[in-house]
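Peer 1: Below you will find the structure I want to go over with you.
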Amino acid sequence: MPLPAGGAMAWPPPELAPVAKKLTEWSAWYAGDGDALVSVYSLAGSATTPLSQTFFQSDKPYGASGPATAARTFWGQPLTPGTVRTKLHVPVASDIAELSANLLFGEMPTFTATDKATQKELDAFQTDGMHSSLREAAELTAALGGVYLKVVWDETLSDRPWLVPMTPEQAVPTWAWDRLRDVTFWTCLHQDDDSTIRLLECHEVGAISYGLYEGTPTELGERIPLSSFEGTQHLAELYGESGVMFTGLPWLTAAYVPNVKPNRIWQGIRCAVNFGRSDFSGVELLMDALDETYTSWMRDLRLGKSRIIVPSSMLESEGPGKGGRLDLEREAFVGMEGMLTDPNSSGITLNQFNIRVAEHQVTAETLFEQIVSSAGYSVQSFGGKGDVAAVTATEIQARKEQSLNTRDQKILYWRPALQHLFQALLGIDRLVFGAQVKPEAGIDVAFPDAVQPSLRDMAETLGLLLTAQSMSTKLRVQTLHPTWTETQVAQEVAAILADEQASTPAARAAPVVAPALPQ
């Protein structure tokens, strides 16, 4: 899809409105912003809360949230005028997104290529901030149902390209079946009462195009020269006023990584059917109920504070028109007869409401477990009940089976996307920076095991295999150190064989010949 001609066309495209509505709701839960949740679920419809109309008054289905649903939500209930908002938010959504990122990229995947020069450059990518970028992208994917990753480079900042995550709100994709054909990212560079300036960046196979547009908050406007705005003058210097860079690469320099599929809420919307499903999809009302539970619990604590009610005759006057007070720190009070209706009563009433701790705790734990389970994770992954010390990695894996199954499902979408992206990275590395690499040969991506066995378990296993003579020394070293290079493995094997020879009485006088290291 080439860059649009501009003019009075609506931007972002109106067909993506159902996606924007749901992404706004998920973003509010992910951010944990109470004001954003009120804006999303409020149905006040006043001039000060236009988001209620924008998000929920639509003739197209886009999920569970709608006017009737929002009216019943805890965050959608209007605040009584003159009262202070005391609603409490539990950040379970952000915890779920963070757990998903930790499961996927707690350790960096291994990228391997058959060409040695290409492998050396791949190793450099893995240690050049790539790990943090992938982990950030994984967290956004869990929250928003998917994320875009695009290849960027700047010769003044780095000697190789890198990946930058982009949220779905910033992208307009074009699909061929279920594959991304091209995507246009857009950024608002300037906005005031008079105009809105946007930069559009279109990634196609073999080319990247830049376009600058001046319009309104709702319209794209006319295309203007890149050199007319200070923030895009460098693009005009690099690619001219046309803003087109021809890469000649057979790979798209961007990719969309869905969280999980199929998408249950957008099956009937053609432009959204290829988007992924958020971990929050379907549990929004449960998270709303969890917030209501904790808010009620805190309300019980506030109302349950012990209070003393005394007759006005016991108060010490502060003077005409200033009311009275009771000094609770005084150790002795003088009784005053004839001022109390009941001679057997001191006139002091202690008021203490019950704090329903057990009821709230059970409700909160039940809601939390249901939210986590519906999102695809085990409660033990969050340190929940039953997470006692495990003896072996097998026991840990059994307790976290649901989380590990969800991780495996997400890897099915991450692995091909990363293979494609790293080929594009190497292609730009060769085109722009002159790296001697061969991305055409293909790249293998291997994710490490989520649950690593302890050294004791590993040693016992390797010892049994050694006794059975069913594993070579090289394979034992590779199993114990899966992240080592071939050179490191060969050096360790040579050291082990040398130690074994030196410890043999018959071979102590003979010279030790270590195996040749790979060239």
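Identifiers in this document derive from the order of the structure tokens: chains are assigned A, B, ..., residues are numbered from 1 separately in each chain, and ligands are numbered from 1 in order of occurrence.
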Any idea what's packed within 8 Å of Trp186 (chain A), counting only C-alpha atoms, ignoring anything in its chain fewer than 4 positions away? Could you give it as JSON, numbers by chain?
Peer 2: {"A": [170, 171, 198, 199, 200, 201]}
Peer 1: Just the selected residues (C-alpha atoms), exported as a tab-separated table (two decimals), in the first residue's frame, please.
Peer 2:
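Okay, this is what ended up in out.tsv:
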```tsv
chain	number	residue	atom	x	y	z
A	170	GLN	CA	0.35	3.50	15.64
A	171	ALA	CA	0.00	1.24	12.60
A	198	ARG	CA	1.85	13.63	11.10
A	199	LEU	CA	4.74	11.59	9.78
A	200	LEU	CA	3.78	8.41	7.93
A	201	GLU	CA	6.32	5.65	7.38
```
Peer 1: If you run DSSP on the backbone here, which positions in region 202-242 of chain A get strand (DSSP E)? Please write them as a PyMOL selection string.
Peer 2: chain A and resi 202-204+207-215+219-224
Peer 1: Residues of the last selection are to be written out with N, CA and C atoms, as a tab-separated table (two decimals), in the first residue's frame.
Peer 2:
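Below you can see again_24.tsv, which holds the result:
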```
chain	number	residue	atom	x	y	z
A	202	CYS	N	5.89	4.04	5.61
A	202	CYS	CA	5.34	2.84	5.00
A	202	CYS	C	6.45	1.84	4.71
A	203	HIS	N	6.31	0.63	5.26
A	203	HIS	CA	7.27	-0.45	5.03
A	203	HIS	C	6.67	-1.44	4.04
A	204	GLU	N	7.32	-1.56	2.88
A	204	GLU	CA	6.94	-2.54	1.86
A	204	GLU	C	8.14	-3.42	1.57
A	207	ALA	N	11.25	-1.56	-0.09
A	207	ALA	CA	11.26	-0.09	0.01
A	207	ALA	C	10.66	0.36	1.32
A	208	ILE	N	11.10	1.56	1.76
A	208	ILE	CA	10.53	2.26	2.92
A	208	ILE	C	10.25	3.69	2.48
A	209	SER	N	9.01	4.16	2.68
A	209	SER	CA	8.60	5.48	2.21
A	209	SER	C	8.19	6.34	3.40
A	210	TYR	N	8.55	7.64	3.32
A	210	TYR	CA	8.21	8.61	4.35
A	210	TYR	C	7.36	9.72	3.73
A	211	GLY	N	6.32	10.15	4.46
A	211	GLY	CA	5.48	11.23	4.00
A	211	GLY	C	5.05	12.12	5.16
A	212	LEU	N	5.06	13.42	4.96
A	212	LEU	CA	4.68	14.40	5.98
A	212	LEU	C	3.36	15.03	5.58
A	213	TYR	N	2.41	15.09	6.52
A	213	TYR	CA	1.06	15.58	6.23
A	213	TYR	C	0.65	16.61	7.27
A	214	GLU	N	-0.03	17.63	6.81
A	214	GLU	CA	-0.56	18.67	7.69
A	214	GLU	C	-2.07	18.69	7.58
A	215	GLY	N	-2.75	18.36	8.66
A	215	GLY	CA	-4.20	18.30	8.64
A	215	GLY	C	-4.79	18.71	9.97
A	219	GLU	N	-8.51	14.55	10.38
A	219	GLU	CA	-8.24	14.41	8.95
A	219	GLU	C	-6.74	14.43	8.71
A	220	LEU	N	-6.31	13.64	7.70
A	220	LEU	CA	-4.89	13.54	7.40
A	220	LEU	C	-4.33	14.83	6.85
A	221	GLY	N	-5.04	15.47	5.95
A	221	GLY	CA	-4.58	16.74	5.38
A	221	GLY	C	-3.69	16.54	4.17
A	222	GLU	N	-3.15	17.65	3.71
A	222	GLU	CA	-2.32	17.63	2.50
A	222	GLU	C	-0.89	17.22	2.83
A	223	ARG	N	-0.27	16.57	1.84
A	223	ARG	CA	1.13	16.17	1.99
A	223	ARG	C	2.02	17.38	1.74
A	224	ILE	N	2.99	17.58	2.64
A	224	ILE	CA	3.90	18.72	2.55
A	224	ILE	C	5.33	18.21	2.45
```
Peer 1: Near Glu230 (chain A), counting only C-alpha atoms, which residues have an atom at most 12 Å away, once you skip same-chain residues fewer than 6 positions from it, shown as a PDB file with N, CA and C atoms, in the first residue's frame?
Peer 2:
```
ATOM      1  N   LEU A 189       3.696  14.569  15.095  1.00  0.00           N
ATOM      2  CA  LEU A 189       4.869  15.374  15.420  1.00  0.00           C
ATOM      3  C   LEU A 189       4.523  16.711  16.057  1.00  0.00           C
ATOM      4  N   HIS A 190       3.362  17.244  15.729  1.00  0.00           N
ATOM      5  CA  HIS A 190       2.976  18.572  16.240  1.00  0.00           C
ATOM      6  C   HIS A 190       1.461  18.705  16.170  1.00  0.00           C
ATOM      7  N   ILE A 197       0.368  17.868  12.499  1.00  0.00           N
ATOM      8  CA  ILE A 197       1.381  17.390  11.549  1.00  0.00           C
ATOM      9  C   ILE A 197       1.719  15.947  11.913  1.00  0.00           C
ATOM     10  N   LEU A 212       5.060  13.423   4.956  1.00  0.00           N
ATOM     11  CA  LEU A 212       4.682  14.402   5.979  1.00  0.00           C
ATOM     12  C   LEU A 212       3.355  15.033   5.584  1.00  0.00           C
ATOM     13  N   ALA A 236      14.667  14.308   4.396  1.00  0.00           N
ATOM     14  CA  ALA A 236      14.770  14.925   3.072  1.00  0.00           C
ATOM     15  C   ALA A 236      16.210  14.902   2.569  1.00  0.00           C
ATOM     16  N   GLU A 237      17.164  15.084   3.484  1.00  0.00           N
ATOM     17  CA  GLU A 237      18.575  15.042   3.084  1.00  0.00           C
ATOM     18  C   GLU A 237      19.005  13.638   2.673  1.00  0.00           C
TER      19      GLU A 237
END
```
Peer 1: What gap, in Å, lies between CA of Leu249 (chain A) and CA of Val147 (chain A)?
Peer 2: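 Interatomic distance here is 22.4 Å.
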Peer 1: Which residues, written as a ChimeraX atom specification, have at least one atom at most 9 Å from Tyr30 (chain A), with only C-alpha atoms counted and residues fewer than 6 positions away on the same chain left out?
Peer 2: /A:91-95,97,140,143-144,280
Peer 1: Residues within 10 Å of Val432 (chain A), please, as an mmCIF file with N, CA and C atoms, in the first residue's frame. Count only C-alpha atoms; anything in the same chain fewer than 2 positions from it doesn't count.
Peer 2:
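result-v5.cif was written with the following content:
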```cif
data_model
loop_
_atom_site.group_PDB
_atom_site.id
_atom_site.type_symbol
_atom_site.label_atom_id
_atom_site.label_comp_id
_atom_site.auth_asym_id
_atom_site.auth_seq_id
_atom_site.Cartn_x
_atom_site.Cartn_y
_atom_site.Cartn_z
ATOM 1 N N TRP A 153 17.755 2.138 11.841
ATOM 2 C CA TRP A 153 19.201 2.322 11.909
ATOM 3 C C TRP A 153 19.532 3.807 11.861
ATOM 4 N N ASP A 154 20.652 4.147 12.435
ATOM 5 C CA ASP A 154 21.163 5.516 12.437
ATOM 6 C C ASP A 154 22.679 5.413 12.561
ATOM 7 N N GLU A 155 23.357 5.745 11.489
ATOM 8 C CA GLU A 155 24.812 5.582 11.450
ATOM 9 C C GLU A 155 25.525 6.478 12.453
ATOM 10 N N ASP A 159 26.614 1.166 14.850
ATOM 11 C CA ASP A 159 27.235 0.611 13.650
ATOM 12 C C ASP A 159 26.477 -0.594 13.122
ATOM 13 N N ARG A 160 25.242 -0.781 13.583
ATOM 14 C CA ARG A 160 24.388 -1.840 13.050
ATOM 15 C C ARG A 160 22.932 -1.466 13.326
ATOM 16 N N PRO A 161 21.969 -2.027 12.597
ATOM 17 C CA PRO A 161 20.551 -1.720 12.841
ATOM 18 C C PRO A 161 20.045 -2.399 14.107
ATOM 19 N N THR A 247 15.360 -0.560 -0.636
ATOM 20 C CA THR A 247 16.287 -1.494 -0.006
ATOM 21 C C THR A 247 16.654 -2.647 -0.927
ATOM 22 N N LEU A 426 19.903 -8.392 9.091
ATOM 23 C CA LEU A 426 21.175 -8.699 8.430
ATOM 24 C C LEU A 426 21.222 -8.095 7.037
ATOM 25 N N GLY A 427 20.067 -8.050 6.358
ATOM 26 C CA GLY A 427 20.035 -7.434 5.036
ATOM 27 C C GLY A 427 20.361 -5.952 5.089
ATOM 28 N N ILE A 428 19.774 -5.234 6.049
ATOM 29 C CA ILE A 428 20.093 -3.813 6.217
ATOM 30 C C ILE A 428 21.532 -3.644 6.682
ATOM 31 N N ASP A 429 21.991 -4.551 7.519
ATOM 32 C CA ASP A 429 23.383 -4.505 7.980
ATOM 33 C C ASP A 429 24.350 -4.608 6.810
ATOM 34 N N ARG A 430 24.020 -5.443 5.849
ATOM 35 C CA ARG A 430 24.872 -5.585 4.660
ATOM 36 C C ARG A 430 24.716 -4.394 3.723
ATOM 37 N N GLY A 434 27.669 -2.434 5.259
ATOM 38 C CA GLY A 434 28.675 -3.211 4.549
ATOM 39 C C GLY A 434 29.099 -4.489 5.232
ATOM 40 N N ALA A 435 28.260 -5.051 6.101
ATOM 41 C CA ALA A 435 28.616 -6.293 6.794
ATOM 42 C C ALA A 435 28.652 -7.454 5.794
#
```
Peer 1: Calculated over only C-alpha atoms, which of the candidates A:Trp484, A:Phe368, A:Phe105, A:Trp11 has the smallest distance to Glu139 (chain A)?
Peer 2: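 Of A:Trp484, A:Phe368, A:Phe105, A:Trp11, the one nearest Glu139 (chain A) is A:Phe105, counting only C-alpha atoms.
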Peer 1: Could you list, as an MDAnalysis selection string, every residue within 12 Å of Phe353 (chain A), counting only C-alpha atoms and ignoring same-chain residues fewer than 2 positions away?
Peer 2: chainID A and resid 299:307 350:351 355:356
Peer 1: Env of Val257 (chain A): 8 Å cut, atoms = only C-alpha atoms, seq-sep filter 3 positions within chain, self excluded. Answer as an NGL selection string.
Peer 2: :A and (141 or 146-149 or 276 or 413-414 or 417)
Peer 1: Of the candidates A:Trp29, A:Leu88, A:Thr114, A:Glu136, which one gets nearest to Val283 (chain A) if we count only C-alpha atoms?
Peer 2: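 Of A:Trp29, A:Leu88, A:Thr114, A:Glu136, the one nearest Val283 (chain A) is A:Trp29, counting only C-alpha atoms.
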Peer 1: Can you tell me how far CA of Ala459 (chain A) sits from CA of Ser472 (chain A), in Å to one decimal?
Peer 2: 14.6 Å
Peer 1: Just give me the gap between CA of Met245 (chain A) and CA of Asp182 (chain A) in Å, one decimal is fine.
Peer 2: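 Result for CA of Met245 (chain A) versus CA of Asp182 (chain A): 14.8 Å, one decimal.
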Peer 1: Give the answer as one residue: which of A:Asn354, A:Asp288, A:Thr349, A:Thr83 has the shortest atom-to-atom distance to Leu367 (chain A), using only C-alpha atoms?
Peer 2: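 Closest candidate: A:Asp288.
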Peer 1: Taking only C-alpha atoms into account, name the residue in A:Ser278, A:Gln191, A:Ser158, A:Thr487 that is nearest to Gly129 (chain A).
Peer 2: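 The answer is A:Ser158, which sits nearest to Gly129 (chain A).
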Peer 1: DSSP on the backbone: what in region 160-280 of chain A comes out alpha helix (DSSP H), as a list in words?
Peer 2: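 Here is the list: Gln233, His234, Leu235, Ala236, Glu237, Leu238 and Tyr239 of chain A.
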